[in-house]
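Q: I'd like to ask some things about the structure below.
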There are 2 protein chains.
Amino acid sequence: MKQVVIIGSGNVATSLAHGLSARCVVAQIFSRQLFHARLLADAIGCPLATDDLMALVPDADAYIVAVRDDVIADVVDAVPDNGALWLHTSGSKGIDLFKGHRAHYGVLWPMQSFSREVVVALDDVHFFAEASDKKTLEHLMALGHLISHHVIEADSDKRRRLHVASVFSCNFANHMWTLADEVLGDAGLPFDALLPLIRTTVDKLSSLSPAKSQTGPAIRHDTQVLDSHLAMLDGDKREIYRLLSDSIMNRNPLDDNAK
Amino acid sequence: MKQVVIIGSGNVATSLAHGLSARCVVAQIFSRQLFHARLLADAIGCPLATDDLMALVPDADAYIVAVRDDVIADVVDAVPDNGALWLHTSGSKGIDLFKGHRAHYGVLWPMQSFSREVVVALDDVHFFAEASDKKTLEHLMALGHLISHHVIEADSDKRRRLHVASVFSCNFANHMWTLADEVLGDAGLPFDALLPLIRTTVDKLSSLSPAKSQTGPAIRHDTQVLDSHLAMLDGDKREIYRLLSDSIMNRNPLDDNAK
C-alpha cells in the first residue's frame, strides 16, 4: 500500500489522514469545500487538495471514502472505477453500495468516536473489516494494520451491532454527562467535580462487567430517592430519568442489593 | 478527631473504613449482620464489631451512619445522644433527620460510586459537607480532610443537585454500557472492544464540555442510521434509543454539524 487518497475532511477523515500520513503516502485530500481539503492536506503535509471528484489522482492504491453516510453512494456513483481498492469507513452502511461500481472494495470501520477538535491516536482503536473478496480483504487488513493493532473481520450484521453498541457506550453515555452538566449548571456547580466519579466508573469496567458494577438508587429500588429526584427534574431529563431507572430496576429485581 | 465509629458495612462504609483507618482510629464497626461487621473490622484491623446498636462504644469522637438511606433515621432514633459528632453520608437525605435527636450533627457526602468489590481511593473524591453549626462544620471538614483533598460546603439543595448529576454521570452512563453489552452479547462480540472508545469519550471531557464533544447519528440528524438501529432493537433498549436520540437532536438543531 503506497499511495492513498482520502475523500472527506470531517472527523473520521481527519484522524485517518493523520494516522496514515505517518505510515504511507497520502497523495490527495478531497472535500466539497476546497478550503477544508487544503487545511487538512497542509496539516499532514499532503501536496494535493481538491474539491472536484473528477480531478482525483487516478493511480493511487486505495481510495478511502470517509464522508457522511448518506453521500457515500453519491461519491461512488460520480467516479468511474480505476481498478484500485475502494473502501468506506461507515459502521452502518453495507458493503453492497460498491457492488457493480467497483471491482475491489470493502469497508474499514474504526469503532471510535471522532471529533474534528481532537485528533485521536488510532493504534488502540478497533477497526472492523469486510471486503469483496479474499485478496481484497488481505489488502484492506494490511491497510488497517498500518494504523491500528486491532483489525478484525466483521460482516455487516456484526458491524451494525457494534455500531449500535458504540452509540450506547459513547454517544448516549456522553449525553448523560451533558444532562448532568445541565443539572449542575443551574446551581453554579462545576462539571469537573464529576470527573473523578466518571473515571472511577470507567475504571471498574476493567475488572467488573457493567451489569455487575451498577450502583445507585434505581438498583437499590430506593423509591424515596427516585421520587425526590424526579420531582427536581423537568422536560426530557425527567422522562429519561424515569425510563432509565425502570430499565435498571427491571434488570435487577429486589433481593441481592444493599447500599 | 481521634476515635471514629462506623455504623454500616456496605459499599460506602467499606471505603470510608479503609480510608479512615489509615488516618485515625476506627474504634468499632456496626452491622445488622455481625458477620459483615466482623469481616470489615478484620479487614482494617479494627478491634470491635457489633450487631447491637445498644453496644456502641460511648466515648468516640464521631459516629458515621453509613447505612441505607431509608434506615438512617431508625439508627438515629434507636441510639441516645452522647454529645459526640454524628453524621450521615447520604447525598439525598437532609441534615434535619438529626434535629432534636443530636446536639452536634452533619452530613459528609462522598460524591462517588461505591461497590463492595472495589475499595475506592478517596483522596480525589469530592466530599460535600453540611453541619448543625459553625464549630461542628469545622470538625466535620477536619474529618473529611483526613481522607480527601476536596471537602466542600454544600447545603441540601446543592447536594441533591449533585446527587442527581451523579446519577446521570455514573449510574446511567454505566447502564448505557450494560445495554451495549447486551447488544454485543447476542452476537458473541466482546464488551472489551468498546473500552478504548469509552476511554476516549471520557478523556475528551478534560478539554471539551460534554455538549461540545457529542458525536453520533443523532447529533447529525442521520435518520437513516437512526431508523436502521431502531429496527434492530427491541424492548426497553428501543425505547431508550429513541428517547435519547430525540433528546440529543432537540439540543442540536441541524446546521452546525458534519461527520
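Labels for the C-alpha cells follow display order: chains A, B, ..., residues from 1 in each chain, ligands from 1.
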Please find the residues of chain A near chain B - the criterion being any atom within 6 Å, counting only C-alpha atoms - and write them as a PyMOL selection string.
A: chain A and resi 10-11+68+112+165+168-171+173+176-178+180+183+197-198+210-211+215-216+259
Q: Using only N, CA, C and O atoms, please write the residues we just selected to a file, as a PDB file, in the first residue's frame.
A:
```pdb
ATOM      1  N   GLY A  10     -13.871  15.472   7.261  1.00  0.00           N
ATOM      2  CA  GLY A  10     -14.574  15.571   8.546  1.00  0.00           C
ATOM      3  C   GLY A  10     -13.802  14.872   9.663  1.00  0.00           C
ATOM      4  O   GLY A  10     -12.583  14.710   9.588  1.00  0.00           O
ATOM      5  N   ASN A  11     -14.537  14.461  10.694  1.00  0.00           N
ATOM      6  CA  ASN A  11     -13.902  13.923  11.902  1.00  0.00           C
ATOM      7  C   ASN A  11     -13.116  12.643  11.623  1.00  0.00           C
ATOM      8  O   ASN A  11     -11.974  12.500  12.047  1.00  0.00           O
ATOM      9  N   ARG A  68     -19.993  11.738   4.943  1.00  0.00           N
ATOM     10  CA  ARG A  68     -21.244  11.430   5.645  1.00  0.00           C
ATOM     11  C   ARG A  68     -21.913  10.213   5.013  1.00  0.00           C
ATOM     12  O   ARG A  68     -21.922  10.061   3.780  1.00  0.00           O
ATOM     13  N   GLN A 112     -14.780   4.047  16.874  1.00  0.00           N
ATOM     14  CA  GLN A 112     -14.269   5.084  17.746  1.00  0.00           C
ATOM     15  C   GLN A 112     -15.096   6.333  17.512  1.00  0.00           C
ATOM     16  O   GLN A 112     -15.705   6.476  16.457  1.00  0.00           O
ATOM     17  N   ALA A 165     -23.930  -0.709  19.612  1.00  0.00           N
ATOM     18  CA  ALA A 165     -23.303  -0.774  20.940  1.00  0.00           C
ATOM     19  C   ALA A 165     -22.451   0.463  21.199  1.00  0.00           C
ATOM     20  O   ALA A 165     -22.402   0.978  22.318  1.00  0.00           O
ATOM     21  N   PHE A 168     -24.656   3.429  22.183  1.00  0.00           N
ATOM     22  CA  PHE A 168     -24.988   3.385  23.619  1.00  0.00           C
ATOM     23  C   PHE A 168     -23.770   3.757  24.468  1.00  0.00           C
ATOM     24  O   PHE A 168     -23.844   4.596  25.362  1.00  0.00           O
ATOM     25  N   SER A 169     -22.626   3.135  24.167  1.00  0.00           N
ATOM     26  CA  SER A 169     -21.429   3.281  25.014  1.00  0.00           C
ATOM     27  C   SER A 169     -20.867   4.674  25.020  1.00  0.00           C
ATOM     28  O   SER A 169     -20.330   5.115  26.028  1.00  0.00           O
ATOM     29  N   CYS A 170     -20.948   5.312  23.891  1.00  0.00           N
ATOM     30  CA  CYS A 170     -20.213   6.555  23.737  1.00  0.00           C
ATOM     31  C   CYS A 170     -21.168   7.734  23.567  1.00  0.00           C
ATOM     32  O   CYS A 170     -21.199   8.635  24.385  1.00  0.00           O
ATOM     33  N   ASN A 171     -21.989   7.704  22.521  1.00  0.00           N
ATOM     34  CA  ASN A 171     -22.871   8.846  22.269  1.00  0.00           C
ATOM     35  C   ASN A 171     -23.857   9.045  23.409  1.00  0.00           C
ATOM     36  O   ASN A 171     -24.056  10.169  23.881  1.00  0.00           O
ATOM     37  N   ALA A 173     -23.744   7.653  26.545  1.00  0.00           N
ATOM     38  CA  ALA A 173     -23.054   7.914  27.822  1.00  0.00           C
ATOM     39  C   ALA A 173     -22.661   9.390  27.871  1.00  0.00           C
ATOM     40  O   ALA A 173     -22.862  10.068  28.884  1.00  0.00           O
ATOM     41  N   MET A 176     -25.477  11.541  28.757  1.00  0.00           N
ATOM     42  CA  MET A 176     -25.749  11.529  30.209  1.00  0.00           C
ATOM     43  C   MET A 176     -24.925  12.613  30.897  1.00  0.00           C
ATOM     44  O   MET A 176     -25.381  13.257  31.833  1.00  0.00           O
ATOM     45  N   TRP A 177     -23.687  12.804  30.416  1.00  0.00           N
ATOM     46  CA  TRP A 177     -22.823  13.833  31.015  1.00  0.00           C
ATOM     47  C   TRP A 177     -23.326  15.233  30.651  1.00  0.00           C
ATOM     48  O   TRP A 177     -23.242  16.157  31.457  1.00  0.00           O
ATOM     49  N   THR A 178     -23.862  15.383  29.451  1.00  0.00           N
ATOM     50  CA  THR A 178     -24.470  16.671  29.081  1.00  0.00           C
ATOM     51  C   THR A 178     -25.649  16.980  30.010  1.00  0.00           C
ATOM     52  O   THR A 178     -25.790  18.099  30.503  1.00  0.00           O
ATOM     53  N   ALA A 180     -26.129  15.807  33.031  1.00  0.00           N
ATOM     54  CA  ALA A 180     -25.580  16.094  34.368  1.00  0.00           C
ATOM     55  C   ALA A 180     -25.080  17.533  34.430  1.00  0.00           C
ATOM     56  O   ALA A 180     -25.316  18.250  35.416  1.00  0.00           O
ATOM     57  N   VAL A 183     -27.917  19.825  34.907  1.00  0.00           N
ATOM     58  CA  VAL A 183     -28.425  19.797  36.284  1.00  0.00           C
ATOM     59  C   VAL A 183     -27.531  20.644  37.202  1.00  0.00           C
ATOM     60  O   VAL A 183     -28.012  21.424  38.023  1.00  0.00           O
ATOM     61  N   LEU A 197     -15.567  10.798  39.678  1.00  0.00           N
ATOM     62  CA  LEU A 197     -16.661   9.838  39.698  1.00  0.00           C
ATOM     63  C   LEU A 197     -16.775   9.099  38.375  1.00  0.00           C
ATOM     64  O   LEU A 197     -16.906   7.870  38.323  1.00  0.00           O
ATOM     65  N   ILE A 198     -16.722   9.860  37.298  1.00  0.00           N
ATOM     66  CA  ILE A 198     -16.852   9.265  35.970  1.00  0.00           C
ATOM     67  C   ILE A 198     -15.667   8.341  35.691  1.00  0.00           C
ATOM     68  O   ILE A 198     -15.836   7.213  35.202  1.00  0.00           O
ATOM     69  N   PRO A 210     -20.297  -4.236  33.243  1.00  0.00           N
ATOM     70  CA  PRO A 210     -21.120  -3.077  33.620  1.00  0.00           C
ATOM     71  C   PRO A 210     -22.349  -3.493  34.430  1.00  0.00           C
ATOM     72  O   PRO A 210     -22.722  -2.786  35.372  1.00  0.00           O
ATOM     73  N   ALA A 211     -22.953  -4.619  34.104  1.00  0.00           N
ATOM     74  CA  ALA A 211     -24.137  -5.043  34.864  1.00  0.00           C
ATOM     75  C   ALA A 211     -23.777  -5.269  36.332  1.00  0.00           C
ATOM     76  O   ALA A 211     -24.538  -4.930  37.235  1.00  0.00           O
ATOM     77  N   THR A 215     -24.498   0.768  40.296  1.00  0.00           N
ATOM     78  CA  THR A 215     -24.864   1.248  41.640  1.00  0.00           C
ATOM     79  C   THR A 215     -25.942   2.318  41.484  1.00  0.00           C
ATOM     80  O   THR A 215     -26.353   2.635  40.367  1.00  0.00           O
ATOM     81  N   GLY A 216     -26.379   2.876  42.605  1.00  0.00           N
ATOM     82  CA  GLY A 216     -27.309   4.000  42.561  1.00  0.00           C
ATOM     83  C   GLY A 216     -28.687   3.663  43.084  1.00  0.00           C
ATOM     84  O   GLY A 216     -28.980   2.514  43.419  1.00  0.00           O
ATOM     85  N   LYS A 259     -26.844  -1.152  50.069  1.00  0.00           N
ATOM     86  CA  LYS A 259     -26.147   0.087  49.733  1.00  0.00           C
ATOM     87  C   LYS A 259     -24.660  -0.198  49.604  1.00  0.00           C
ATOM     88  O   LYS A 259     -24.085  -0.865  50.409  1.00  0.00           O
TER      89      LYS A 259
END
```
Q: Just the strand (DSSP E or B) stuff from range 2-214 of chain B, please, per backbone DSSP, written as a JSON list (two decimals) with N, CA, C and O atoms, in the first residue's frame.
A:
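Output file selection_5.json follows:
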```json
[["chain", "number", "residue", "atom", "x", "y", "z"],
["B", 3, "GLN", "N", -11.12, 9.05, 67.65],
["B", 3, "GLN", "CA", -11.80, 7.76, 67.52],
["B", 3, "GLN", "C", -13.11, 7.92, 66.76],
["B", 3, "GLN", "O", -13.92, 8.80, 67.06],
["B", 4, "VAL", "N", -13.30, 7.02, 65.80],
["B", 4, "VAL", "CA", -14.49, 7.06, 64.96],
["B", 4, "VAL", "C", -15.19, 5.71, 65.01],
["B", 4, "VAL", "O", -14.54, 4.67, 65.01],
["B", 5, "VAL", "N", -16.53, 5.74, 65.09],
["B", 5, "VAL", "CA", -17.32, 4.51, 64.97],
["B", 5, "VAL", "C", -18.04, 4.53, 63.63],
["B", 5, "VAL", "O", -18.60, 5.56, 63.25],
["B", 6, "ILE", "N", -17.98, 3.43, 62.91],
["B", 6, "ILE", "CA", -18.67, 3.36, 61.61],
["B", 6, "ILE", "C", -19.87, 2.43, 61.74],
["B", 6, "ILE", "O", -19.74, 1.25, 62.09],
["B", 7, "ILE", "N", -21.03, 3.00, 61.48],
["B", 7, "ILE", "CA", -22.28, 2.25, 61.54],
["B", 7, "ILE", "C", -22.69, 1.90, 60.11],
["B", 7, "ILE", "O", -23.08, 2.78, 59.35],
["B", 25, "VAL", "N", -8.22, 6.39, 64.39],
["B", 25, "VAL", "CA", -8.61, 5.09, 64.95],
["B", 25, "VAL", "C", -10.08, 4.81, 64.65],
["B", 25, "VAL", "O", -10.96, 5.57, 65.04],
["B", 26, "VAL", "N", -10.32, 3.76, 63.89],
["B", 26, "VAL", "CA", -11.69, 3.28, 63.75],
["B", 26, "VAL", "C", -11.92, 2.32, 64.92],
["B", 26, "VAL", "O", -11.35, 1.24, 64.97],
["B", 27, "ALA", "N", -12.75, 2.76, 65.89],
["B", 27, "ALA", "CA", -12.86, 2.04, 67.15],
["B", 27, "ALA", "C", -13.80, 0.85, 67.06],
["B", 27, "ALA", "O", -13.66, -0.12, 67.81],
["B", 28, "GLN", "N", -14.78, 0.93, 66.14],
["B", 28, "GLN", "CA", -15.83, -0.10, 66.13],
["B", 28, "GLN", "C", -16.59, -0.06, 64.80],
["B", 28, "GLN", "O", -16.78, 1.01, 64.22],
["B", 29, "ILE", "N", -17.01, -1.23, 64.36],
["B", 29, "ILE", "CA", -17.88, -1.33, 63.18],
["B", 29, "ILE", "C", -19.19, -1.98, 63.61],
["B", 29, "ILE", "O", -19.19, -3.03, 64.27],
["B", 30, "PHE", "N", -20.30, -1.34, 63.24],
["B", 30, "PHE", "CA", -21.62, -1.94, 63.47],
["B", 30, "PHE", "C", -22.20, -2.41, 62.15],
["B", 30, "PHE", "O", -22.11, -1.72, 61.12],
["B", 48, "LEU", "N", -13.19, -3.94, 67.41],
["B", 48, "LEU", "CA", -14.56, -4.21, 67.84],
["B", 48, "LEU", "C", -15.55, -4.28, 66.69],
["B", 48, "LEU", "O", -15.57, -3.42, 65.81],
["B", 49, "ALA", "N", -16.41, -5.30, 66.71],
["B", 49, "ALA", "CA", -17.51, -5.44, 65.75],
["B", 49, "ALA", "C", -18.77, -5.78, 66.53],
["B", 49, "ALA", "O", -18.70, -6.54, 67.51],
["B", 50, "THR", "N", -19.89, -5.20, 66.13],
["B", 50, "THR", "CA", -21.13, -5.49, 66.86],
["B", 50, "THR", "C", -22.33, -5.46, 65.93],
["B", 50, "THR", "O", -22.29, -4.81, 64.88],
["B", 62, "ALA", "N", -16.60, 10.67, 66.85],
["B", 62, "ALA", "CA", -17.56, 10.81, 65.76],
["B", 62, "ALA", "C", -18.20, 9.47, 65.44],
["B", 62, "ALA", "O", -17.56, 8.41, 65.54],
["B", 63, "TYR", "N", -19.48, 9.52, 65.05],
["B", 63, "TYR", "CA", -20.25, 8.35, 64.67],
["B", 63, "TYR", "C", -20.75, 8.56, 63.25],
["B", 63, "TYR", "O", -21.50, 9.50, 62.98],
["B", 64, "ILE", "N", -20.29, 7.71, 62.35],
["B", 64, "ILE", "CA", -20.63, 7.86, 60.94],
["B", 64, "ILE", "C", -21.72, 6.84, 60.58],
["B", 64, "ILE", "O", -21.48, 5.64, 60.59],
["B", 65, "VAL", "N", -22.89, 7.36, 60.28],
["B", 65, "VAL", "CA", -24.03, 6.50, 59.95],
["B", 65, "VAL", "C", -24.04, 6.29, 58.44],
["B", 65, "VAL", "O", -24.56, 7.12, 57.68],
["B", 85, "LEU", "N", -19.99, 14.06, 67.71],
["B", 85, "LEU", "CA", -20.40, 14.44, 66.35],
["B", 85, "LEU", "C", -21.05, 13.22, 65.68],
["B", 85, "LEU", "O", -20.44, 12.15, 65.62],
["B", 86, "TRP", "N", -22.27, 13.42, 65.20],
["B", 86, "TRP", "CA", -22.97, 12.38, 64.45],
["B", 86, "TRP", "C", -23.18, 12.86, 63.02],
["B", 86, "TRP", "O", -23.56, 14.01, 62.79],
["B", 87, "LEU", "N", -22.94, 11.98, 62.08],
["B", 87, "LEU", "CA", -23.13, 12.39, 60.69],
["B", 87, "LEU", "C", -23.60, 11.22, 59.84],
["B", 87, "LEU", "O", -23.36, 10.05, 60.16],
["B", 88, "HIS", "N", -24.30, 11.57, 58.77],
["B", 88, "HIS", "CA", -24.60, 10.53, 57.77],
["B", 88, "HIS", "C", -23.90, 10.88, 56.47],
["B", 88, "HIS", "O", -23.34, 11.97, 56.32],
["B", 104, "HIS", "N", -24.82, 17.86, 68.06],
["B", 104, "HIS", "CA", -23.84, 18.20, 67.03],
["B", 104, "HIS", "C", -23.95, 17.19, 65.91],
["B", 104, "HIS", "O", -23.71, 15.99, 66.13],
["B", 105, "TYR", "N", -24.28, 17.68, 64.74],
["B", 105, "TYR", "CA", -24.53, 16.72, 63.66],
["B", 105, "TYR", "C", -24.25, 17.33, 62.30],
["B", 105, "TYR", "O", -24.10, 18.56, 62.17],
["B", 106, "GLY", "N", -24.20, 16.46, 61.33],
["B", 106, "GLY", "CA", -23.91, 16.95, 59.99],
["B", 106, "GLY", "C", -24.03, 15.86, 58.93],
["B", 106, "GLY", "O", -24.45, 14.74, 59.21],
["B", 107, "VAL", "N", -23.66, 16.25, 57.73],
["B", 107, "VAL", "CA", -23.66, 15.34, 56.58],
["B", 107, "VAL", "C", -22.30, 15.45, 55.91],
["B", 107, "VAL", "O", -21.77, 16.55, 55.76],
["B", 108, "LEU", "N", -21.73, 14.32, 55.57],
["B", 108, "LEU", "CA", -20.47, 14.32, 54.82],
["B", 108, "LEU", "C", -20.67, 13.33, 53.68],
["B", 108, "LEU", "O", -20.58, 12.11, 53.87],
["B", 109, "TRP", "N", -20.96, 13.88, 52.51],
["B", 109, "TRP", "CA", -21.36, 13.02, 51.39],
["B", 109, "TRP", "C", -20.23, 12.89, 50.37],
["B", 109, "TRP", "O", -19.84, 13.88, 49.75],
["B", 110, "PRO", "N", -19.70, 11.69, 50.22],
["B", 110, "PRO", "CA", -18.71, 11.48, 49.16],
["B", 110, "PRO", "C", -19.42, 11.30, 47.82],
["B", 110, "PRO", "O", -20.19, 10.35, 47.65],
["B", 115, "SER", "N", -18.73, 0.32, 45.20],
["B", 115, "SER", "CA", -19.23, -1.05, 45.20],
["B", 115, "SER", "C", -18.36, -1.83, 46.17],
["B", 115, "SER", "O", -17.18, -1.51, 46.36],
["B", 118, "VAL", "N", -14.80, -3.25, 45.02],
["B", 118, "VAL", "CA", -13.63, -2.42, 44.73],
["B", 118, "VAL", "C", -13.53, -1.34, 45.81],
["B", 118, "VAL", "O", -14.43, -0.52, 45.96],
["B", 126, "HIS", "N", -14.66, 14.07, 45.74],
["B", 126, "HIS", "CA", -15.20, 15.31, 46.31],
["B", 126, "HIS", "C", -16.19, 14.96, 47.42],
["B", 126, "HIS", "O", -17.16, 14.24, 47.18],
["B", 127, "PHE", "N", -15.93, 15.48, 48.63],
["B", 127, "PHE", "CA", -16.86, 15.33, 49.75],
["B", 127, "PHE", "C", -17.61, 16.64, 49.93],
["B", 127, "PHE", "O", -17.00, 17.72, 49.91],
["B", 128, "PHE", "N", -18.92, 16.57, 50.13],
["B", 128, "PHE", "CA", -19.73, 17.77, 50.35],
["B", 128, "PHE", "C", -20.27, 17.75, 51.77],
["B", 128, "PHE", "O", -20.85, 16.74, 52.21],
["B", 129, "ALA", "N", -20.05, 18.85, 52.49],
["B", 129, "ALA", "CA", -20.29, 18.88, 53.93],
["B", 129, "ALA", "C", -21.33, 19.92, 54.32],
["B", 129, "ALA", "O", -21.40, 21.01, 53.75],
["B", 130, "GLU", "N", -22.14, 19.56, 55.31],
["B", 130, "GLU", "CA", -23.09, 20.48, 55.91],
["B", 130, "GLU", "C", -23.17, 20.13, 57.40],
["B", 130, "GLU", "O", -23.08, 18.95, 57.75],
["B", 131, "ALA", "N", -23.32, 21.14, 58.28],
["B", 131, "ALA", "CA", -23.34, 20.82, 59.72],
["B", 131, "ALA", "C", -24.34, 21.69, 60.45],
["B", 131, "ALA", "O", -24.82, 22.71, 59.93],
["B", 150, "HIS", "N", -10.61, 17.17, 48.73],
["B", 150, "HIS", "CA", -11.70, 18.01, 48.25],
["B", 150, "HIS", "C", -12.89, 17.91, 49.20],
["B", 150, "HIS", "O", -13.70, 16.99, 49.08],
["B", 151, "VAL", "N", -12.99, 18.82, 50.15],
["B", 151, "VAL", "CA", -14.14, 18.87, 51.05],
["B", 151, "VAL", "C", -14.78, 20.24, 50.89],
["B", 151, "VAL", "O", -14.14, 21.27, 51.10],
["B", 152, "ILE", "N", -16.01, 20.26, 50.42],
["B", 152, "ILE", "CA", -16.68, 21.49, 50.01],
["B", 152, "ILE", "C", -17.99, 21.63, 50.76],
["B", 152, "ILE", "O", -18.73, 20.65, 50.91],
["B", 153, "GLU", "N", -18.26, 22.84, 51.26],
["B", 153, "GLU", "CA", -19.53, 23.04, 51.95],
["B", 153, "GLU", "C", -20.66, 23.06, 50.92],
["B", 153, "GLU", "O", -20.54, 23.68, 49.86]]
```
Q: Identify, with DSSP run on backbone atoms, the residues in range 18-222 of chain B assigned to alpha helix (DSSP H), and express the list as a ChimeraX atom specification.
A: /B:18-21,34-44,72-78,134-147,156-166,173-185,195-204
Q: Quick one, how far is CA of Ala22 in chain B from CA of Ile44 in chain B?
A: 8.6 Å
Q: Have a look at CA of Leu53 in chain A and CA of Asp77 in chain A and let me know their distance in Å, one decimal.
A: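 It comes out at 10.6 Å.
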Q: Residues near Gly83 in chain B, anyone? I mean within 9 Å using only C-alpha atoms, not counting same-chain ones fewer than 4 positions away, as a PyMOL selection string.
A: chain B and resi 61+102-104
Q: Those residues you just picked out, can you put them in a file as a compact mmCIF listing (two decimals), in the first residue's frame with C-alpha atoms?
A:
```
# COMPACT_ATOMS: atom_id res chain seq x y z
CA ASP B 61 -15.44 11.47 68.81
CA ARG B 102 -28.44 15.17 68.45
CA ALA B 103 -26.65 18.32 69.63
CA HIS B 104 -23.84 18.20 67.03
```
